[in-house]
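> I am sharing target.cif, which consists of mmCIF, C-alpha atoms, pLDDT in the B column; chains and numbers go by the auth columns:
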```
data_structure
loop_
_atom_site.group_PDB
_atom_site.id
_atom_site.type_symbol
_atom_site.label_atom_id
_atom_site.label_comp_id
_atom_site.label_asym_id
_atom_site.label_seq_id
_atom_site.Cartn_x
_atom_site.Cartn_y
_atom_site.Cartn_z
_atom_site.B_iso_or_equiv
_atom_site.auth_seq_id
_atom_site.auth_asym_id
ATOM 1 C CA MET A 1 0.000 0.000 0.000 48.00 1 A
ATOM 2 C CA ALA A 2 2.243 2.832 1.230 65.00 2 A
ATOM 3 C CA GLU A 3 5.300 1.170 -0.307 70.00 3 A
ATOM 4 C CA ALA A 4 3.733 1.612 -3.753 74.00 4 A
ATOM 5 C CA LEU A 5 3.361 5.290 -2.897 83.00 5 A
ATOM 6 C CA PHE A 6 6.970 5.579 -1.706 85.00 6 A
ATOM 7 C CA ASN A 7 8.175 4.097 -5.002 86.00 7 A
ATOM 8 C CA HIS A 8 6.779 7.196 -6.742 87.00 8 A
ATOM 9 C CA ILE A 9 8.320 9.716 -4.344 92.00 9 A
ATOM 10 C CA ASP A 10 11.539 11.298 -5.581 91.00 10 A
ATOM 11 C CA PRO A 11 14.039 11.212 -2.673 92.00 11 A
ATOM 12 C CA GLY A 12 15.473 14.517 -3.930 93.00 12 A
ATOM 13 C CA ALA A 13 12.020 16.063 -3.604 95.00 13 A
ATOM 14 C CA VAL A 14 11.443 15.166 0.044 96.00 14 A
ATOM 15 C CA VAL A 15 11.698 18.229 2.259 97.00 15 A
ATOM 16 C CA LEU A 16 11.184 17.771 5.997 97.00 16 A
ATOM 17 C CA GLY A 17 10.496 20.406 8.632 97.00 17 A
ATOM 18 C CA VAL A 18 9.752 23.099 6.058 96.00 18 A
ATOM 19 C CA GLU A 19 9.201 26.640 7.273 96.00 19 A
ATOM 20 C CA LYS A 20 7.091 28.512 4.721 97.00 20 A
ATOM 21 C CA GLU A 21 4.335 31.078 5.137 96.00 21 A
ATOM 22 C CA THR A 22 1.884 30.114 2.389 97.00 22 A
ATOM 23 C CA SER A 23 0.635 27.135 0.439 97.00 23 A
ATOM 24 C CA GLU A 24 2.030 28.730 -2.724 97.00 24 A
ATOM 25 C CA ASP A 25 5.497 28.903 -1.132 98.00 25 A
ATOM 26 C CA VAL A 26 5.333 25.178 -0.325 98.00 26 A
ATOM 27 C CA ILE A 27 4.050 24.281 -3.799 98.00 27 A
ATOM 28 C CA ARG A 28 6.837 26.286 -5.466 98.00 28 A
ATOM 29 C CA LEU A 29 9.514 24.737 -3.221 98.00 29 A
ATOM 30 C CA LEU A 30 8.388 21.213 -4.111 98.00 30 A
ATOM 31 C CA ALA A 31 7.881 22.060 -7.789 98.00 31 A
ATOM 32 C CA ASP A 32 11.446 23.410 -7.928 97.00 32 A
ATOM 33 C CA ARG A 33 12.731 20.118 -6.519 97.00 33 A
ATOM 34 C CA LEU A 34 10.803 18.122 -9.125 97.00 34 A
ATOM 35 C CA LYS A 35 12.003 20.451 -11.887 97.00 35 A
ATOM 36 C CA ALA A 36 15.636 20.117 -10.778 97.00 36 A
ATOM 37 C CA ASP A 37 15.307 16.334 -11.024 95.00 37 A
ATOM 38 C CA GLY A 38 13.771 16.440 -14.505 96.00 38 A
ATOM 39 C CA TYR A 39 10.189 15.526 -13.616 96.00 39 A
ATOM 40 C CA VAL A 40 8.364 18.684 -14.678 97.00 40 A
ATOM 41 C CA LYS A 41 8.458 21.552 -17.153 97.00 41 A
ATOM 42 C CA ASP A 42 9.051 25.221 -16.325 97.00 42 A
ATOM 43 C CA SER A 43 5.271 25.776 -16.493 98.00 43 A
ATOM 44 C CA PHE A 44 4.488 23.245 -13.739 98.00 44 A
ATOM 45 C CA ALA A 45 4.663 25.439 -10.605 98.00 45 A
ATOM 46 C CA ASP A 46 2.494 28.208 -12.059 98.00 46 A
ATOM 47 C CA ALA A 47 -0.010 25.630 -13.349 98.00 47 A
ATOM 48 C CA VAL A 48 -0.284 23.964 -9.920 98.00 48 A
ATOM 49 C CA VAL A 49 -0.745 27.307 -8.149 98.00 49 A
ATOM 50 C CA LYS A 50 -3.407 28.336 -10.664 97.00 50 A
ATOM 51 C CA ARG A 51 -5.264 25.032 -10.340 96.00 51 A
ATOM 52 C CA GLU A 52 -5.089 25.161 -6.548 96.00 52 A
ATOM 53 C CA ALA A 53 -6.848 28.574 -6.640 95.00 53 A
ATOM 54 C CA SER A 54 -9.864 27.149 -8.463 95.00 54 A
ATOM 55 C CA MET A 55 -9.760 23.478 -7.420 95.00 55 A
ATOM 56 C CA PRO A 56 -8.253 23.315 -3.919 96.00 56 A
ATOM 57 C CA THR A 57 -6.751 20.147 -2.478 95.00 57 A
ATOM 58 C CA GLY A 58 -6.727 20.635 1.301 96.00 58 A
ATOM 59 C CA LEU A 59 -7.987 17.522 3.084 94.00 59 A
ATOM 60 C CA PRO A 60 -9.203 17.982 6.651 94.00 60 A
ATOM 61 C CA LEU A 61 -8.560 14.706 8.445 92.00 61 A
ATOM 62 C CA GLY A 62 -10.086 15.682 11.770 89.00 62 A
ATOM 63 C CA ARG A 63 -6.684 15.313 13.441 87.00 63 A
ATOM 64 C CA ASP A 64 -3.770 17.500 14.439 88.00 64 A
ATOM 65 C CA VAL A 65 -2.179 17.178 10.997 94.00 65 A
ATOM 66 C CA ASN A 66 -4.090 17.680 7.755 96.00 66 A
ATOM 67 C CA VAL A 67 -2.873 16.965 4.226 96.00 67 A
ATOM 68 C CA ALA A 68 -2.936 18.641 0.803 97.00 68 A
ATOM 69 C CA VAL A 69 -2.390 16.939 -2.548 96.00 69 A
ATOM 70 C CA PRO A 70 -1.821 19.671 -5.148 96.00 70 A
ATOM 71 C CA HIS A 71 -1.357 18.695 -8.787 95.00 71 A
ATOM 72 C CA THR A 72 -2.061 19.900 -12.329 93.00 72 A
ATOM 73 C CA ASP A 73 -2.544 18.721 -15.886 92.00 73 A
ATOM 74 C CA PRO A 74 -0.236 16.171 -17.566 93.00 74 A
ATOM 75 C CA GLU A 75 1.063 18.596 -20.215 95.00 75 A
ATOM 76 C CA HIS A 76 3.265 20.214 -17.541 97.00 76 A
ATOM 77 C CA VAL A 77 4.889 16.888 -16.589 96.00 77 A
ATOM 78 C CA ILE A 78 7.872 15.157 -18.202 96.00 78 A
ATOM 79 C CA LYS A 79 7.839 11.971 -16.112 94.00 79 A
ATOM 80 C CA PRO A 80 5.698 10.926 -13.136 93.00 80 A
ATOM 81 C CA GLY A 81 6.824 11.581 -9.586 93.00 81 A
ATOM 82 C CA ILE A 82 5.738 12.876 -6.217 95.00 82 A
ATOM 83 C CA ALA A 83 7.334 15.461 -3.952 97.00 83 A
ATOM 84 C CA LEU A 84 6.676 15.410 -0.207 97.00 84 A
ATOM 85 C CA ALA A 85 6.942 18.114 2.422 98.00 85 A
ATOM 86 C CA THR A 86 6.323 18.072 6.149 97.00 86 A
ATOM 87 C CA LEU A 87 5.837 21.493 7.671 97.00 87 A
ATOM 88 C CA LYS A 88 7.228 22.825 10.927 96.00 88 A
ATOM 89 C CA LYS A 89 4.050 24.880 11.340 95.00 89 A
ATOM 90 C CA PRO A 90 0.918 24.397 9.220 96.00 90 A
ATOM 91 C CA VAL A 91 0.125 26.517 6.175 97.00 91 A
ATOM 92 C CA THR A 92 -3.397 27.165 4.961 96.00 92 A
ATOM 93 C CA PHE A 93 -4.861 25.381 1.960 97.00 93 A
ATOM 94 C CA ALA A 94 -8.489 25.706 0.925 97.00 94 A
ATOM 95 C CA ASN A 95 -10.678 22.677 1.655 96.00 95 A
ATOM 96 C CA MET A 96 -11.160 20.343 -1.310 94.00 96 A
ATOM 97 C CA GLU A 97 -14.874 19.949 -0.523 94.00 97 A
ATOM 98 C CA ASP A 98 -15.604 23.480 0.755 94.00 98 A
ATOM 99 C CA PRO A 99 -13.254 26.024 -0.888 93.00 99 A
ATOM 100 C CA ASP A 100 -14.371 28.764 1.518 94.00 100 A
ATOM 101 C CA GLU A 101 -12.996 26.774 4.458 95.00 101 A
ATOM 102 C CA ALA A 102 -9.315 27.085 5.371 95.00 102 A
ATOM 103 C CA VAL A 103 -7.474 23.892 6.288 96.00 103 A
ATOM 104 C CA PRO A 104 -4.210 24.079 8.267 97.00 104 A
ATOM 105 C CA VAL A 105 -1.960 21.577 6.472 97.00 105 A
ATOM 106 C CA GLY A 106 1.149 19.873 7.849 97.00 106 A
ATOM 107 C CA VAL A 107 1.918 17.356 5.070 97.00 107 A
ATOM 108 C CA VAL A 108 1.915 18.102 1.328 98.00 108 A
ATOM 109 C CA PHE A 109 2.150 15.514 -1.452 96.00 109 A
ATOM 110 C CA LEU A 110 2.761 17.336 -4.761 97.00 110 A
ATOM 111 C CA MET A 111 1.799 14.989 -7.595 95.00 111 A
ATOM 112 C CA ALA A 112 3.378 15.259 -11.039 95.00 112 A
ATOM 113 C CA LEU A 113 1.612 12.777 -13.284 90.00 113 A
ATOM 114 C CA ASN A 114 1.781 12.629 -17.065 89.00 114 A
ATOM 115 C CA ASP A 115 -1.220 10.297 -17.443 84.00 115 A
ATOM 116 C CA LYS A 116 -4.600 11.566 -16.259 78.00 116 A
ATOM 117 C CA ASP A 117 -5.814 7.984 -15.715 78.00 117 A
ATOM 118 C CA ARG A 118 -3.039 7.391 -13.164 79.00 118 A
ATOM 119 C CA GLN A 119 -4.152 10.426 -11.133 79.00 119 A
ATOM 120 C CA ILE A 120 -7.068 8.578 -9.505 81.00 120 A
ATOM 121 C CA GLU A 121 -4.861 5.558 -8.760 83.00 121 A
ATOM 122 C CA MET A 122 -2.182 7.732 -7.139 85.00 122 A
ATOM 123 C CA LEU A 123 -4.744 9.724 -5.154 84.00 123 A
ATOM 124 C CA GLN A 124 -6.099 6.412 -3.839 86.00 124 A
ATOM 125 C CA LYS A 125 -2.606 5.344 -2.723 87.00 125 A
ATOM 126 C CA ILE A 126 -2.126 8.674 -0.963 89.00 126 A
ATOM 127 C CA MET A 127 -5.595 8.457 0.633 88.00 127 A
ATOM 128 C CA GLU A 128 -4.861 4.930 1.913 89.00 128 A
ATOM 129 C CA THR A 129 -1.636 6.171 3.471 89.00 129 A
ATOM 130 C CA ILE A 130 -3.068 9.283 5.097 89.00 130 A
ATOM 131 C CA GLN A 131 -5.958 7.342 6.628 89.00 131 A
ATOM 132 C CA SER A 132 -3.341 5.957 9.010 90.00 132 A
ATOM 133 C CA GLU A 133 -2.800 8.315 11.927 91.00 133 A
ATOM 134 C CA GLU A 134 0.378 6.362 12.648 93.00 134 A
ATOM 135 C CA ALA A 135 1.732 7.010 9.126 92.00 135 A
ATOM 136 C CA ILE A 136 1.074 10.757 9.357 94.00 136 A
ATOM 137 C CA ALA A 137 2.659 10.919 12.822 94.00 137 A
ATOM 138 C CA GLY A 138 5.664 8.984 11.490 95.00 138 A
ATOM 139 C CA LEU A 139 6.064 11.372 8.557 96.00 139 A
ATOM 140 C CA MET A 140 5.894 14.363 10.895 96.00 140 A
ATOM 141 C CA ARG A 141 8.639 12.838 13.100 96.00 141 A
ATOM 142 C CA ALA A 142 10.869 11.866 10.168 96.00 142 A
ATOM 143 C CA VAL A 143 14.146 13.767 9.851 96.00 143 A
ATOM 144 C CA SER A 144 15.547 11.869 6.824 96.00 144 A
ATOM 145 C CA VAL A 145 14.418 10.252 3.595 94.00 145 A
ATOM 146 C CA ASP A 146 15.325 6.893 5.135 94.00 146 A
ATOM 147 C CA GLU A 147 12.879 7.558 7.970 95.00 147 A
ATOM 148 C CA VAL A 148 10.185 8.521 5.444 95.00 148 A
ATOM 149 C CA ALA A 149 10.898 5.254 3.617 91.00 149 A
ATOM 150 C CA ALA A 150 10.593 3.299 6.874 92.00 150 A
ATOM 151 C CA VAL A 151 7.199 4.896 7.582 92.00 151 A
ATOM 152 C CA LEU A 152 5.879 4.235 4.087 88.00 152 A
ATOM 153 C CA LYS A 153 7.295 0.741 3.719 82.00 153 A
#
```
Please rewrite the model in this file as structure tokens.

Amino acid sequence: MAEALFNHIDPGAVVLGVEKETSEDVIRLLADRLKADGYVKDSFADAVVKREASMPTGLPLGRDVNVAVPHTDPEHVIKPGIALATLKKPVTFANMEDPDEAVPVGVVFLMALNDKDRQIEMLQKIMETIQSEEAIAGLMRAVSVDEVAAVLK
């Protein structure tokens, strides 16, 4: 389950204990990591930010740590991958189901997928993982990619 998710996460795009002020700052940080590793085009970050404004991805989990799963259209992606950030203090994303509601988010999975059909499959893998309070707590405690791998494997 979570191991399949970890296999899509680029180790170079895992950023732990991030200190950013806004959701856009976090998205751009992760997009830059994916771009540096050849996953996405120059247009990716702007496209994700634009999509997030109209189709938000904040997921309130009813716990201390909520999650966001920003993404955009396949034409901005070179090869599929996922970037992951844990945040030192939450940033606000709009609620996926109620865009007027702010969700304080502590974990962000930035998806870069070049096949729209895979988007649902990857979202399901992420949803399975984040249903586990233990997995989220483990990600928040992680201080290395190896620790992230241990949580997700």
> Applied to this file, what does the PyMOL selection byres ((chain A and resi 9) around 6) return in terms of residues, put as a PyMOL selection string?
chain A and resi 6-8+10+81-83
> So that I can see what lies close to A:Thr86, please list as a ChimeraX atom specification the residues with an atom at most 10 Å from it, counting only C-alpha atoms and leaving out residues fewer than 5 positions away in the same chain.
/A:14-19,26,65,67,105-109,136,139-143
> Figure out the distance between atom CA of A:Pro56 and atom CA of A:Met96, please, to one decimal in Å.
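Interatomic distance here is 4.9 Å.
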> Nearest residue to A:Pro90 out of A:Thr72, A:Asn66, A:Ala45, A:Leu30, using all atoms listed in the file?
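The answer is A:Asn66, which sits nearest to A:Pro90.
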> If you measure from atom CA of A:Glu121 to atom CA of A:Lys153, what distance in Å do you get, rounded to one decimal?
18.1 Å
> The PyMOL selection byres ((chain A and resi 27) around 8) on the file shown: which residues, as a PyMOL selection string?
chain A and resi 23-26+28-31+45+48-49+70+110
> Hey, what comes out of the PyMOL selection byres ((chain A and resi 77) around 8) on this file? Could you write it as a list in words?
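What the PyMOL selection byres ((chain A and resi 77) around 8) grabs from the file is Tyr39, Val40, Lys41, Phe44, Asp73, Pro74, Glu75, His76, Ile78, Lys79, Pro80, Ala112, Leu113 and Asn114 of chain A.
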> Of the residues A:Ser144, A:Val103, A:Arg51, A:Glu133, which is the one nearest to A:Val91, using all atoms listed in the file?
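The answer is A:Val103, which sits nearest to A:Val91.
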> N, CA and C atoms are what I want for stretch 103-122 of chain A; can you complete it accordingly and write them as a compact mmCIF listing (two decimals), in the coordinates of the input?

```
# COMPACT_ATOMS: atom_id res chain seq x y z
N VAL A 103 -7.96 25.12 5.64
CA VAL A 103 -7.47 23.89 6.29
C VAL A 103 -6.00 24.09 6.63
N PRO A 104 -5.64 24.02 7.92
CA PRO A 104 -4.21 24.08 8.27
C PRO A 104 -3.55 22.74 7.92
N VAL A 105 -2.57 22.79 7.03
CA VAL A 105 -1.96 21.58 6.47
C VAL A 105 -0.53 21.41 6.98
N GLY A 106 -0.19 20.18 7.37
CA GLY A 106 1.15 19.87 7.85
C GLY A 106 1.95 18.95 6.94
N VAL A 107 1.25 18.26 6.01
CA VAL A 107 1.92 17.36 5.07
C VAL A 107 1.38 17.65 3.67
N VAL A 108 2.31 17.82 2.71
CA VAL A 108 1.92 18.10 1.33
C VAL A 108 2.55 17.05 0.41
N PHE A 109 1.70 16.41 -0.39
CA PHE A 109 2.15 15.51 -1.45
C PHE A 109 1.89 16.25 -2.76
N LEU A 110 2.92 16.68 -3.47
CA LEU A 110 2.76 17.34 -4.76
C LEU A 110 2.90 16.28 -5.85
N MET A 111 1.80 16.02 -6.56
CA MET A 111 1.80 14.99 -7.60
C MET A 111 2.15 15.58 -8.95
N ALA A 112 3.05 14.93 -9.66
CA ALA A 112 3.38 15.26 -11.04
C ALA A 112 3.12 14.00 -11.85
N LEU A 113 1.99 13.97 -12.52
CA LEU A 113 1.61 12.78 -13.28
C LEU A 113 1.38 13.16 -14.74
N ASN A 114 1.92 12.33 -15.64
CA ASN A 114 1.78 12.63 -17.07
C ASN A 114 0.70 11.80 -17.74
N ASP A 115 -0.11 11.11 -16.94
CA ASP A 115 -1.22 10.30 -17.44
C ASP A 115 -2.41 10.54 -16.53
N LYS A 116 -3.44 11.20 -17.08
CA LYS A 116 -4.60 11.57 -16.26
C LYS A 116 -5.24 10.35 -15.60
N ASP A 117 -5.21 9.20 -16.26
CA ASP A 117 -5.81 7.98 -15.72
C ASP A 117 -5.09 7.51 -14.45
N ARG A 118 -3.81 7.81 -14.34
CA ARG A 118 -3.04 7.39 -13.16
C ARG A 118 -3.32 8.28 -11.95
N GLN A 119 -3.91 9.47 -12.20
CA GLN A 119 -4.15 10.43 -11.13
C GLN A 119 -5.06 9.83 -10.05
N ILE A 120 -6.14 9.18 -10.46
CA ILE A 120 -7.07 8.58 -9.51
C ILE A 120 -6.36 7.48 -8.70
N GLU A 121 -5.61 6.65 -9.41
CA GLU A 121 -4.86 5.56 -8.76
C GLU A 121 -3.88 6.11 -7.71
N MET A 122 -3.16 7.16 -8.07
CA MET A 122 -2.18 7.73 -7.14
C MET A 122 -2.89 8.41 -5.97
```
